[in-house]
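The data block below is coords_19.json; it holds JSON, C-alpha atoms.
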```json
[["chain", "number", "residue", "atom", "x", "y", "z"],
["A", 1, "MET", "CA", 12.39, -19.17, 6.36],
["A", 2, "LYS", "CA", 16.08, -18.57, 7.12],
["A", 3, "LEU", "CA", 17.64, -15.29, 6.08],
["A", 4, "SER", "CA", 20.27, -17.11, 4.02],
["A", 5, "VAL", "CA", 17.54, -18.67, 1.88],
["A", 6, "ILE", "CA", 15.89, -15.28, 1.38],
["A", 7, "ILE", "CA", 19.17, -13.69, 0.33],
["A", 8, "LEU", "CA", 19.84, -16.52, -2.14],
["A", 9, "ALA", "CA", 16.35, -16.06, -3.57],
["A", 10, "LEU", "CA", 16.90, -12.34, -3.93],
["A", 11, "ALA", "CA", 20.25, -12.92, -5.57],
["A", 12, "ALA", "CA", 18.68, -15.30, -8.06],
["A", 13, "VAL", "CA", 15.70, -13.08, -8.83],
["A", 14, "VAL", "CA", 17.00, -9.54, -8.52],
["A", 15, "CYS", "CA", 20.77, -9.45, -8.76],
["A", 16, "SER", "CA", 21.36, -11.86, -11.59],
["A", 17, "ALA", "CA", 22.22, -10.02, -14.78],
["A", 18, "ASP", "CA", 21.53, -13.19, -16.73],
["A", 19, "ALA", "CA", 18.00, -13.32, -15.33],
["A", 20, "TYR", "CA", 17.27, -9.83, -16.58],
["A", 21, "GLU", "CA", 18.94, -10.51, -19.93],
["A", 22, "TYR", "CA", 17.21, -13.78, -20.74],
["A", 23, "ALA", "CA", 14.02, -13.92, -18.66],
["A", 24, "SER", "CA", 10.86, -12.41, -20.04],
["A", 25, "VAL", "CA", 9.03, -9.71, -18.13],
["A", 26, "GLU", "CA", 6.33, -12.20, -17.14],
["A", 27, "GLU", "CA", 8.94, -14.71, -15.92],
["A", 28, "THR", "CA", 10.57, -12.03, -13.80],
["A", 29, "LEU", "CA", 7.19, -11.02, -12.34],
["A", 30, "ASP", "CA", 6.37, -14.67, -11.64],
["A", 31, "ALA", "CA", 9.64, -14.95, -9.71],
["A", 32, "PHE", "CA", 8.68, -11.88, -7.68],
["A", 33, "ARG", "CA", 5.19, -13.28, -7.06],
["A", 34, "HIS", "CA", 6.77, -16.44, -5.65],
["A", 35, "LEU", "CA", 9.19, -14.48, -3.48],
["A", 36, "LEU", "CA", 6.44, -12.22, -2.15],
["A", 37, "SER", "CA", 4.15, -15.19, -1.43],
["A", 38, "LEU", "CA", 6.64, -16.63, 1.10],
["A", 39, "PRO", "CA", 5.27, -15.88, 4.59],
["A", 40, "GLN", "CA", 7.63, -13.82, 6.76],
["A", 41, "ARG", "CA", 7.91, -13.45, 10.52],
["A", 42, "LEU", "CA", 6.80, -10.03, 11.65],
["A", 43, "ALA", "CA", 9.49, -7.78, 13.10],
["A", 44, "ARG", "CA", 7.52, -7.50, 16.34],
["A", 45, "ASP", "CA", 7.83, -11.28, 16.85],
["A", 46, "PHE", "CA", 11.61, -11.17, 17.28],
["A", 47, "ALA", "CA", 13.19, -11.02, 20.75],
["A", 48, "ASP", "CA", 14.60, -7.59, 19.86],
["A", 49, "PRO", "CA", 11.91, -6.17, 17.56],
["A", 50, "GLU", "CA", 12.87, -3.71, 14.89],
["A", 51, "SER", "CA", 11.30, -0.27, 14.65],
["A", 52, "PRO", "CA", 8.80, 0.63, 13.39],
["A", 53, "TYR", "CA", 7.06, -2.64, 14.18],
["A", 54, "GLU", "CA", 3.53, -1.36, 14.73],
["A", 55, "PHE", "CA", 1.10, 0.38, 12.39],
["A", 56, "HIS", "CA", 2.51, 3.81, 11.66],
["A", 57, "TRP", "CA", 1.69, 6.51, 9.14],
["A", 58, "ASP", "CA", 2.99, 9.96, 8.15],
["A", 59, "ASP", "CA", 1.74, 12.79, 5.98],
["A", 60, "CYS", "CA", 4.73, 13.38, 3.70],
["A", 61, "SER", "CA", 3.21, 16.21, 1.68],
["A", 62, "GLY", "CA", 4.93, 19.60, 1.60],
["A", 63, "GLY", "CA", 3.46, 22.96, 2.51],
["A", 64, "ASP", "CA", 2.19, 23.54, -1.02],
["A", 65, "ALA", "CA", 0.11, 20.34, -1.13],
["A", 66, "VAL", "CA", -3.61, 20.77, -1.81],
["A", 67, "ALA", "CA", -4.72, 18.09, 0.67],
["A", 68, "LYS", "CA", -3.44, 16.65, 3.92],
["A", 69, "LEU", "CA", -4.27, 13.57, 5.94],
["A", 70, "ALA", "CA", -4.81, 14.63, 9.55],
["A", 71, "ALA", "CA", -5.61, 11.30, 11.20],
["A", 72, "LEU", "CA", -5.66, 7.61, 10.35],
["A", 73, "SER", "CA", -6.33, 4.59, 12.54],
["A", 74, "ILE", "CA", -6.58, 0.92, 11.53],
["A", 75, "SER", "CA", -7.11, -2.01, 13.87],
["A", 76, "PRO", "CA", -6.45, -4.74, 14.76],
["A", 77, "ASP", "CA", -2.69, -4.72, 14.31],
["A", 78, "PRO", "CA", -1.45, -6.85, 12.53],
["A", 79, "ILE", "CA", -4.23, -6.54, 9.98],
["A", 80, "PRO", "CA", -5.93, -9.93, 9.36],
["A", 81, "LEU", "CA", -6.55, -10.82, 5.72],
["A", 82, "PRO", "CA", -9.21, -11.83, 5.02],
["A", 83, "GLY", "CA", -11.00, -10.46, 8.05],
["A", 84, "ASN", "CA", -12.72, -7.56, 9.73],
["A", 85, "ILE", "CA", -10.98, -4.30, 10.47],
["A", 86, "THR", "CA", -12.01, -0.93, 11.84],
["A", 87, "VAL", "CA", -10.87, 2.29, 10.20],
["A", 88, "SER", "CA", -11.14, 5.96, 11.08],
["A", 89, "ALA", "CA", -9.66, 8.90, 9.19],
["A", 90, "ALA", "CA", -9.75, 12.65, 8.80],
["A", 91, "GLY", "CA", -8.34, 15.02, 6.22],
["A", 92, "ILE", "CA", -8.67, 18.39, 4.57],
["A", 93, "SER", "CA", -8.60, 19.64, 0.99],
["A", 94, "ARG", "CA", -7.85, 23.34, 0.51],
["A", 95, "ALA", "CA", -9.08, 23.38, -3.09],
["A", 96, "ASN", "CA", -11.19, 21.36, -5.51],
["A", 97, "ILE", "CA", -9.41, 18.29, -6.90],
["A", 98, "SER", "CA", -10.33, 17.16, -10.41],
["A", 99, "SER", "CA", -9.17, 14.64, -12.99],
["A", 100, "PRO", "CA", -6.46, 13.69, -13.73],
["A", 101, "ILE", "CA", -5.11, 12.64, -10.32],
["A", 102, "LYS", "CA", -1.73, 11.11, -11.04],
["A", 103, "ALA", "CA", -0.20, 8.77, -8.45],
["A", 104, "SER", "CA", 3.30, 7.47, -7.90],
["A", 105, "VAL", "CA", 3.28, 4.52, -5.49],
["A", 106, "GLU", "CA", 6.24, 2.75, -3.90],
["A", 107, "LEU", "CA", 5.61, -0.50, -2.01],
["A", 108, "TYR", "CA", 8.16, -2.58, -0.12],
["A", 109, "LYS", "CA", 8.09, -5.87, 1.78],
["A", 110, "LYS", "CA", 10.61, -6.99, 4.36],
["A", 111, "VAL", "CA", 12.08, -10.37, 3.40],
["A", 112, "GLY", "CA", 15.18, -10.15, 5.55],
["A", 113, "ILE", "CA", 15.83, -6.80, 3.84],
["A", 114, "TRP", "CA", 13.36, -4.31, 2.40],
["A", 115, "VAL", "CA", 12.56, -5.34, -1.18],
["A", 116, "LYS", "CA", 10.75, -3.02, -3.57],
["A", 117, "ILE", "CA", 7.68, -4.74, -5.00],
["A", 118, "PRO", "CA", 7.38, -4.16, -8.75],
["A", 119, "CYS", "CA", 4.10, -3.22, -10.36],
["A", 120, "ILE", "CA", 2.30, -6.59, -10.56],
["A", 121, "ASP", "CA", -1.23, -6.65, -11.94],
["A", 122, "GLN", "CA", -1.61, -2.92, -11.21],
["A", 123, "ILE", "CA", -0.60, -3.43, -7.56],
["A", 124, "GLY", "CA", 2.81, -2.59, -6.08],
["A", 125, "SER", "CA", 5.23, 0.14, -7.07],
["A", 126, "CYS", "CA", 3.11, 1.54, -9.88],
["A", 127, "GLU", "CA", 2.53, 4.79, -11.76],
["A", 128, "TYR", "CA", -1.13, 5.67, -12.29],
["A", 129, "GLU", "CA", -2.13, 8.25, -14.89],
["A", 130, "ASP", "CA", -5.50, 8.99, -13.29],
["A", 131, "LEU", "CA", -6.91, 7.49, -10.10],
["A", 132, "CYS", "CA", -10.33, 8.82, -11.09],
["A", 133, "THR", "CA", -10.62, 5.99, -13.62],
["A", 134, "PHE", "CA", -10.40, 3.43, -10.79],
["A", 135, "LEU", "CA", -13.25, 4.92, -8.77],
["A", 136, "PRO", "CA", -16.73, 3.35, -8.92],
["A", 137, "SER", "CA", -19.23, 4.92, -11.29],
["A", 138, "GLY", "CA", -22.32, 4.11, -9.23],
["A", 139, "PRO", "CA", -23.55, 5.52, -5.94],
["A", 140, "CYS", "CA", -21.03, 5.88, -3.12],
["A", 141, "PRO", "CA", -21.20, 3.38, -0.23],
["A", 142, "GLU", "CA", -23.80, 4.31, 2.35],
["A", 143, "ILE", "CA", -21.21, 5.02, 5.06],
["A", 144, "LEU", "CA", -19.52, 7.62, 2.83],
["A", 145, "GLN", "CA", -22.83, 9.24, 1.90],
["A", 146, "LYS", "CA", -23.75, 9.42, 5.57],
["A", 147, "HIS", "CA", -20.65, 11.48, 6.34],
["A", 148, "ASP", "CA", -20.63, 13.53, 3.10],
["A", 149, "ILE", "CA", -17.45, 11.92, 1.81],
["A", 150, "PRO", "CA", -17.31, 11.81, -2.01],
["A", 151, "CYS", "CA", -16.05, 8.80, -3.96],
["A", 152, "HIS", "CA", -16.08, 10.31, -7.46],
["A", 153, "CYS", "CA", -14.02, 12.98, -9.17],
["A", 154, "PRO", "CA", -14.00, 15.91, -8.76],
["A", 155, "PHE", "CA", -13.53, 16.26, -5.00],
["A", 156, "ALA", "CA", -14.71, 19.52, -3.46],
["A", 157, "ALA", "CA", -12.58, 21.52, -1.04],
["A", 158, "GLY", "CA", -13.45, 20.95, 2.58],
["A", 159, "ASN", "CA", -12.89, 18.96, 5.75],
["A", 160, "TYR", "CA", -13.67, 15.26, 5.68],
["A", 161, "SER", "CA", -13.96, 12.83, 8.58],
["A", 162, "LEU", "CA", -14.75, 9.13, 8.73],
["A", 163, "PRO", "CA", -15.60, 7.91, 12.25],
["A", 164, "THR", "CA", -14.63, 4.44, 13.38],
["A", 165, "THR", "CA", -16.11, 2.13, 10.75],
["A", 166, "ALA", "CA", -16.09, -1.67, 10.41],
["A", 167, "ILE", "CA", -14.92, -3.02, 7.05],
["A", 168, "GLN", "CA", -14.82, -6.63, 5.87],
["A", 169, "ILE", "CA", -11.98, -7.61, 3.55],
["A", 170, "SER", "CA", -12.60, -10.73, 1.49],
["A", 171, "VAL", "CA", -10.14, -13.06, -0.22],
["A", 172, "GLY", "CA", -11.46, -12.02, -3.63],
["A", 173, "ASN", "CA", -10.09, -8.51, -3.13],
["A", 174, "LEU", "CA", -6.53, -9.67, -2.42],
["A", 175, "PRO", "CA", -3.69, -10.38, -4.87],
["A", 176, "SER", "CA", -2.67, -14.05, -4.89],
["A", 177, "TRP", "CA", 0.94, -13.24, -3.94],
["A", 178, "LEU", "CA", 0.05, -11.37, -0.75],
["A", 179, "ALA", "CA", 1.43, -13.09, 2.37],
["A", 180, "ASN", "CA", 2.33, -12.50, 6.01],
["A", 181, "GLY", "CA", 4.88, -9.78, 6.53],
["A", 182, "ASP", "CA", 5.80, -6.17, 7.19],
["A", 183, "TYR", "CA", 5.08, -3.67, 4.40],
["A", 184, "HIS", "CA", 6.05, -0.06, 3.78],
["A", 185, "GLY", "CA", 4.16, 2.04, 1.27],
["A", 186, "LYS", "CA", 4.33, 5.61, 0.02],
["A", 187, "ALA", "CA", 1.86, 7.31, -2.33],
["A", 188, "GLN", "CA", 2.43, 10.73, -3.92],
["A", 189, "LEU", "CA", -0.47, 12.36, -5.75],
["A", 190, "HIS", "CA", -0.15, 15.15, -8.35],
["A", 191, "ASP", "CA", -2.50, 16.95, -10.69],
["A", 192, "GLY", "CA", -2.11, 17.11, -14.46],
["A", 193, "ALA", "CA", 0.26, 20.08, -14.18],
["A", 194, "GLY", "CA", 2.51, 18.29, -11.70],
["A", 195, "LYS", "CA", 1.35, 20.22, -8.62],
["A", 196, "SER", "CA", 1.39, 18.23, -5.40],
["A", 197, "ILE", "CA", -2.02, 17.08, -4.19],
["A", 198, "ALA", "CA", -1.01, 14.89, -1.25],
["A", 199, "CYS", "CA", 1.55, 12.41, 0.02],
["A", 200, "VAL", "CA", 1.07, 9.63, 2.57],
["A", 201, "GLU", "CA", 3.32, 6.80, 3.72],
["A", 202, "ALA", "CA", 2.66, 3.97, 6.14],
["A", 203, "TYR", "CA", 4.12, 0.86, 7.74],
["A", 204, "VAL", "CA", 1.66, -2.03, 8.13],
["A", 205, "SER", "CA", 1.91, -5.66, 9.18],
["A", 206, "LEU", "CA", -0.35, -8.23, 7.54],
["A", 207, "LYS", "CA", -1.44, -11.62, 8.84],
["A", 208, "VAL", "CA", -2.80, -13.59, 5.90],
["A", 209, "ASP", "CA", -4.75, -16.79, 6.46]]
```
Show how you would write the structure in this file as structure tokens.
Amino acid sequence: MKLSVIILALAAVVCSADAYEYASVEETLDAFRHLLSLPQRLARDFADPESPYEFHWDDCSGGDAVAKLAALSISPDPIPLPGNITVSAAGISRANISSPIKASVELYKKVGIWVKIPCIDQIGSCEYEDLCTFLPSGPCPEILQKHDIPCHCPFAAGNYSLPTTAIQISVGNLPSWLANGDYHGKAQLHDGAGKSIACVEAYVSLKVD
């Protein structure tokens, strides 16, 4: 899709004061769903690719954070959805982490320019009062049990490592508006008193079939 069309769509959806004044919240979200569902060329596909145009992550937590992500690898790149990916990760927690785990998430998609994705169906730029409530109540997946990685609150202090592991992502786990493109996300975690737990940001490219 040409950049001019994208800019016109953004102007109609985001920059129009009338749209915000007269459109309902659901109508505005529907407009964003449509905009986000438009497949985009990946930055790496251009003759002069923009940076960063490959999978990239950073630990953005400060020195007082309780936990830090030490390593993260995801392949292939771009990530096929649905499809099979391999993931490896390592991190450390210097203290026990208990409920509530508050999260502030920012998510952007490049549609000519970086556009902040609103909180749509609990996915996007959302505020979560307690991530513990989203965790499964039953037994942890076998691969996590094998490597002593917890999946329930509270989380004990310690070093955690997930070796290269194959994961299958199905269509049923994906929001309907997700489409090809470059994404940038940042997640900041805090405890109930506002103390920093961790912060991670990443650039990922998705190839959605």
| query | So which residues are close to (-14.7, 19.4, -2.4), meaning at most 12 Å away in the file's coordinates with all atoms listed in the file counted, and can you show them as an MDAnalysis selection string? | reply | chainID A and resid 66:67 91:98 148:160
| field | Protein, DNA and RNA residues within 8 Å of (-4.1, 12.1, -13.4), only C-alpha atoms, as a PyMOL selection string | value | chain A and resi 99-103+128-132+190-192
| message | Show me, as a VMD selection string, the residues that have an atom within 6 Å of Asp59 (chain A) when counting all atoms listed in the file, minus same-chain residues fewer than 2 positions from it. | response | chain A and resid 61 199 to 200
Would you put the residues from that selection into a file with C-alpha atoms, as a PDB file, in the coordinates of the input?
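So the final result, stored in out.pdb, reads:
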```pdb
ATOM      1  CA  SER A  61       3.210  16.210   1.680  1.00  0.00           C
ATOM      2  CA  CYS A 199       1.550  12.410   0.020  1.00  0.00           C
ATOM      3  CA  VAL A 200       1.070   9.630   2.570  1.00  0.00           C
TER       4      VAL A 200
END
```
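Note that CA of Leu81 (chain A) and CA of Leu178 (chain A) are 9.3 Å apart.
Here CA of Asn180 (chain A) is placed at a distance of 24.7 Å from CA of Ala89 (chain A).
Distances here use all atoms listed in the file; by that measure, the residue among A:Gly62, A:Pro76, A:Gly83, A:Gly112 closest to Gln168 (chain A) is A:Gly83.
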Pop region 190-203 of chain A out of the structure in the block and write all heavy atoms as an mmCIF file, in the first residue's frame.
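Result file decode.cif:
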```
data_model
loop_
_atom_site.group_PDB
_atom_site.id
_atom_site.type_symbol
_atom_site.label_atom_id
_atom_site.label_comp_id
_atom_site.auth_asym_id
_atom_site.auth_seq_id
_atom_site.Cartn_x
_atom_site.Cartn_y
_atom_site.Cartn_z
ATOM 1 N N HIS A 190 6.114 -3.502 37.446
ATOM 2 C CA HIS A 190 6.280 -2.915 38.776
ATOM 3 C C HIS A 190 5.495 -3.742 39.786
ATOM 4 O O HIS A 190 4.527 -4.421 39.449
ATOM 5 C CB HIS A 190 5.776 -1.465 38.810
ATOM 6 C CG HIS A 190 6.507 -0.540 37.903
ATOM 7 N ND1 HIS A 190 6.187 -0.407 36.567
ATOM 8 C CD2 HIS A 190 7.558 0.293 38.136
ATOM 9 C CE1 HIS A 190 7.006 0.481 36.016
ATOM 10 N NE2 HIS A 190 7.837 0.919 36.941
ATOM 11 N N ASP A 191 5.925 -3.655 41.040
ATOM 12 C CA ASP A 191 5.161 -4.323 42.091
ATOM 13 C C ASP A 191 4.075 -3.391 42.605
ATOM 14 O O ASP A 191 3.893 -2.272 42.095
ATOM 15 C CB ASP A 191 6.077 -4.807 43.223
ATOM 16 C CG ASP A 191 6.771 -3.665 43.962
ATOM 17 O OD1 ASP A 191 6.344 -2.492 43.831
ATOM 18 O OD2 ASP A 191 7.733 -3.943 44.705
ATOM 19 N N GLY A 192 3.333 -3.834 43.604
ATOM 20 C CA GLY A 192 2.221 -3.050 44.114
ATOM 21 C C GLY A 192 2.619 -1.717 44.704
ATOM 22 O O GLY A 192 1.814 -0.787 44.758
ATOM 23 N N ALA A 193 3.885 -1.597 45.142
ATOM 24 C CA ALA A 193 4.373 -0.350 45.723
ATOM 25 C C ALA A 193 5.013 0.560 44.689
ATOM 26 O O ALA A 193 5.499 1.638 45.019
ATOM 27 C CB ALA A 193 5.386 -0.656 46.827
ATOM 28 N N GLY A 194 5.029 0.117 43.422
ATOM 29 C CA GLY A 194 5.600 0.934 42.363
ATOM 30 C C GLY A 194 7.074 0.687 42.107
ATOM 31 O O GLY A 194 7.673 1.354 41.269
ATOM 32 N N LYS A 195 7.678 -0.281 42.813
ATOM 33 C CA LYS A 195 9.095 -0.575 42.602
ATOM 34 C C LYS A 195 9.277 -1.343 41.302
ATOM 35 O O LYS A 195 8.505 -2.238 40.967
ATOM 36 C CB LYS A 195 9.642 -1.397 43.767
ATOM 37 C CG LYS A 195 11.132 -1.700 43.657
ATOM 38 C CD LYS A 195 11.643 -2.473 44.856
ATOM 39 C CE LYS A 195 13.128 -2.768 44.715
ATOM 40 N NZ LYS A 195 13.658 -3.524 45.880
ATOM 41 N N SER A 196 10.344 -0.987 40.570
ATOM 42 C CA SER A 196 10.598 -1.615 39.281
ATOM 43 C C SER A 196 10.957 -3.089 39.431
ATOM 44 O O SER A 196 11.830 -3.448 40.240
ATOM 45 C CB SER A 196 11.736 -0.886 38.559
ATOM 46 O OG SER A 196 12.074 -1.540 37.354
ATOM 47 N N ILE A 197 10.269 -3.929 38.672
ATOM 48 C CA ILE A 197 10.595 -5.356 38.629
ATOM 49 C C ILE A 197 11.489 -5.646 37.437
ATOM 50 O O ILE A 197 12.548 -6.265 37.560
ATOM 51 C CB ILE A 197 9.328 -6.206 38.565
ATOM 52 C CG1 ILE A 197 8.504 -6.053 39.843
ATOM 53 C CG2 ILE A 197 9.686 -7.680 38.335
ATOM 54 C CD1 ILE A 197 7.189 -6.810 39.821
ATOM 55 N N ALA A 198 11.077 -5.192 36.257
ATOM 56 C CA ALA A 198 11.850 -5.437 35.043
ATOM 57 C C ALA A 198 11.324 -4.553 33.923
ATOM 58 O O ALA A 198 10.218 -3.998 33.996
ATOM 59 C CB ALA A 198 11.777 -6.909 34.632
ATOM 60 N N CYS A 199 12.126 -4.433 32.873
ATOM 61 C CA CYS A 199 11.725 -3.683 31.685
ATOM 62 C C CYS A 199 12.416 -4.316 30.476
ATOM 63 O O CYS A 199 13.636 -4.542 30.498
ATOM 64 C CB CYS A 199 12.111 -2.216 31.803
ATOM 65 S SG CYS A 199 11.717 -1.217 30.337
ATOM 66 N N VAL A 200 11.634 -4.599 29.452
ATOM 67 C CA VAL A 200 12.172 -5.200 28.226
ATOM 68 C C VAL A 200 11.510 -4.535 27.031
ATOM 69 O O VAL A 200 10.305 -4.262 27.048
ATOM 70 C CB VAL A 200 11.901 -6.722 28.178
ATOM 71 C CG1 VAL A 200 12.406 -7.309 26.864
ATOM 72 C CG2 VAL A 200 12.578 -7.421 29.355
ATOM 73 N N GLU A 201 12.307 -4.253 25.987
ATOM 74 C CA GLU A 201 11.728 -3.779 24.737
ATOM 75 C C GLU A 201 12.330 -4.563 23.587
ATOM 76 O O GLU A 201 13.441 -5.089 23.688
ATOM 77 C CB GLU A 201 11.923 -2.280 24.540
ATOM 78 C CG GLU A 201 13.336 -1.799 24.431
ATOM 79 C CD GLU A 201 13.381 -0.282 24.197
ATOM 80 O OE1 GLU A 201 12.510 0.230 23.462
ATOM 81 O OE2 GLU A 201 14.271 0.365 24.753
ATOM 82 N N ALA A 202 11.572 -4.641 22.479
ATOM 83 C CA ALA A 202 12.020 -5.445 21.355
ATOM 84 C C ALA A 202 11.429 -4.930 20.049
ATOM 85 O O ALA A 202 10.354 -4.307 20.028
ATOM 86 C CB ALA A 202 11.616 -6.905 21.555
ATOM 87 N N TYR A 203 12.174 -5.159 18.967
ATOM 88 C CA TYR A 203 11.701 -4.933 17.611
ATOM 89 C C TYR A 203 11.548 -6.296 16.953
ATOM 90 O O TYR A 203 12.490 -7.089 16.952
ATOM 91 C CB TYR A 203 12.695 -4.087 16.809
ATOM 92 C CG TYR A 203 12.784 -2.647 17.232
ATOM 93 C CD1 TYR A 203 13.631 -2.251 18.261
ATOM 94 C CD2 TYR A 203 12.030 -1.666 16.590
ATOM 95 C CE1 TYR A 203 13.720 -0.924 18.651
ATOM 96 C CE2 TYR A 203 12.111 -0.332 16.977
ATOM 97 C CZ TYR A 203 12.961 0.029 17.997
ATOM 98 O OH TYR A 203 13.040 1.346 18.383
#
```
